[in-house]
Amino acid sequence: MLARRTSSFGSSGTAAARAAARQAAHSRQEVIDLTAGEIWSELAPTIREGAINAINNGVNRYTDTLGMMELREALARKVSFDTGQTWKADEIAATTGAKQALFNATMVLLNPGDEVIIPSPYWTTFSAQVVIAGGKPVFVDTRSNAYVPRIQDIAAALTEKTRAIVVNTPANPSGAVYDFDTLTAIAQLAINRDLWVIFDECYANFVYGHHAHHPIVSVVPEVRSRTIIVNGFSKSLALTGWRIGYLAAPKEVVDAVRALQSHTTSNPNVIAQHAVLAHLERADVRHESKLALQLASSRQIGLSILSSLRRIPAPRAQGGIYFYLDLSNLRPAFKNGAATADDVVTSLLADAGVAAVSGTAFGDPLGLRLSYGIPPEELETGLTRLVDVLNGWK
Ligand code: PLP
């Protein structure tokens, strides 16, 4: 018998969609995989060099639990640059991906039964981690407001048990970028109601058009003492497999994270630490810029194809790496009495050879997430097939 805890969460819905796409690719000749939360790219030269140098220097030992001091100092300089404030190394923890930073955050903040506000649709791991930490996710629906939470809806969801609000901008899966006023209002609410803000800015490098990414601590500096900033290099440097991220937070949080991390993973992979340190020390952002341009171009290609969709509004895709479709108006045309986006995903895989992630993974049964982090030719083929199939439904 396993612990009861194991029944309170399933494995990540996005990972499951990915596995289904791979499985289908085995049995049919070609599947265009739009499920991945990662960016197709070669390795950044600075990262390659940093890692190879570390290996050639025989690096093989544990580092400090929270990462090498030089790396934490370099990360503090990055956060200082990003926020326009002064951050010190003792306010930084290097982690095994942003996912571990988020996990640390929930584990050090939540007591059993504490509630965490999560704007919905939400990245599936936010709610799972709250549950694992013994807390209760409380979802605030954002669909009627272009996927940005209304402050009155957040306020209405607060109880005396509310402990934290998750703010993920640019947002996965919706692609919404929170505007200055929304961030101001959330920060003020957090201050007035004594709440923590878990601020996930993993997609900060990918914002389009007139949209801008605002770190919440820059918008309202007084919220900094109750904010945990979470970021990493999986998206900004296309380094998903290297598992390197960080959090920036008040020192008391970082101290608690040190204790927790010392009993879980210890330090993040040392070669990845050296690689990121080398990258940050070079202060060479050409690779980041290249990826941001690549994504902006793929987004443009995708938006123009998706504009031919009948009955499905064009996604806004203000930031991030995903198109998020609202299938509500298409529902009457779902095949064979299908009810949710799960069935749409199954049909798309069978009829178009296109793999997508159903919104059910994000608490939205009528949403569909399509990643545009794949090579542009594949994206074009995949989206064209998807549009043909969905437009063909009567
Ligand atoms: N936060 C968000 C919003 C994400 O979408 C992801 C990955 O998809 C992560 C965090 C985790 O990233 P990492 O690979 O750094 O653990």
# chains A, B, ... in the order shown; residues from 1 in each chain; ligands from 1
>>> select_by_dssp(residues="stretch 205-253 of chain A", states="helix (DSSP H, G or I)", output="NGL selection string")
:A and (216-219 or 221-226 or 240-242 or 251-253)
>>> residues_near_ligand(ligand="ligand 1", cutoff="6 Å", atoms="only C-alpha atoms and all ligand atoms", output="list of chain:residue names")
A:Gly37, A:Gly97, A:Ala98, A:Lys99, A:Trp123, A:Asn172, A:Asp200, A:Cys202, A:Gly232, A:Ser234, A:Thr240, A:Arg243, A:Gly245
>>> select_by_dssp(residues="stretch 319-381 of chain A", states="strand (DSSP E)", output="number ranges by chain")
A: 322-326, 354-355, 357-358, 367-371
>>> residues_around(residues="A:Phe362", least_positions_apart="4", cutoff="7 Å", atoms="only C-alpha atoms", output="JSON, numbers by chain")
{"A": [121, 122, 123, 124]}
>>> closest_atom_pairs(of="stretch 193-261 of chain A", to="stretch 40-64 of chain A", cutoff="8 Å", atoms="only C-alpha atoms", output="tab-separated table")
residue	atom	partner	partner_atom	distance
A:Leu237	CA	A:Ala44	CA	7.0
A:Ala238	CA	A:Ser41	CA	6.5
A:Leu239	CA	A:Leu43	CA	7.7
>>> closest_residue(among="A:Lys78, A:Arg224, A:Arg193, A:Lys88", to="A:Val276", atoms="only C-alpha atoms")
A:Lys78
>>> residues_around(residues="A:Ala17", least_positions_apart="3", cutoff="6 Å", atoms="only C-alpha atoms", output="ChimeraX atom specification")
/A:14,20,357
>>> write_last_selection(atoms="N, CA and C atoms", output="compact mmCIF listing (two decimals), in the first residue's frame")
# COMPACT_ATOMS: atom_id res chain seq x y z
N THR A 14 0.97 17.56 -18.78
CA THR A 14 1.72 17.92 -19.98
C THR A 14 2.72 16.81 -20.32
N ALA A 20 2.05 10.53 -24.84
CA ALA A 20 1.06 10.04 -25.82
C ALA A 20 1.53 10.37 -27.23
N VAL A 357 -1.80 19.68 -26.08
CA VAL A 357 -2.14 19.39 -24.68
C VAL A 357 -3.55 19.91 -24.40
>>> atom_distance(atom1="atom CA of A:Lys136", atom2="atom CA of A:Val148")
21.2 Å
>>> residues_around(residues="A:Ile186", least_positions_apart="3", cutoff="9 Å", atoms="only C-alpha atoms", output="PyMOL selection string")
chain A and resi 151+154+165+167+181-183+189-191+197+216
>>> residues_around(residues="A:Ala128", least_positions_apart="2", cutoff="12 Å", atoms="only C-alpha atoms", output="number ranges by chain")
A: 5-13, 99, 102-103, 106, 116, 118, 122-126, 130-138, 361-363
>>> residues_around(residues="A:Gln100", least_positions_apart="6", cutoff="10 Å", atoms="only C-alpha atoms", output="ChimeraX atom specification")
/A:94,106,129,230,243-247,261,264-265,268
>>> write_last_selection(atoms="C-alpha atoms", output="CSV table (one decimal), in the first residue's frame")
chain,number,residue,atom,x,y,z
A,94,ALA,CA,20.2,27.9,-7.1
A,106,THR,CA,5.4,25.7,-1.2
A,129,GLN,CA,2.9,21.1,-5.5
A,230,VAL,CA,11.2,32.0,-9.4
A,243,ARG,CA,17.9,21.4,-14.7
A,244,ILE,CA,19.1,24.7,-13.4
A,245,GLY,CA,16.9,27.4,-11.9
A,246,TYR,CA,16.8,29.7,-8.9
A,247,LEU,CA,14.7,31.6,-6.5
A,261,GLN,CA,17.2,21.4,0.0
A,264,THR,CA,16.3,16.6,-0.7
A,265,THR,CA,18.6,17.1,-3.7
A,268,PRO,CA,22.0,21.5,-8.3
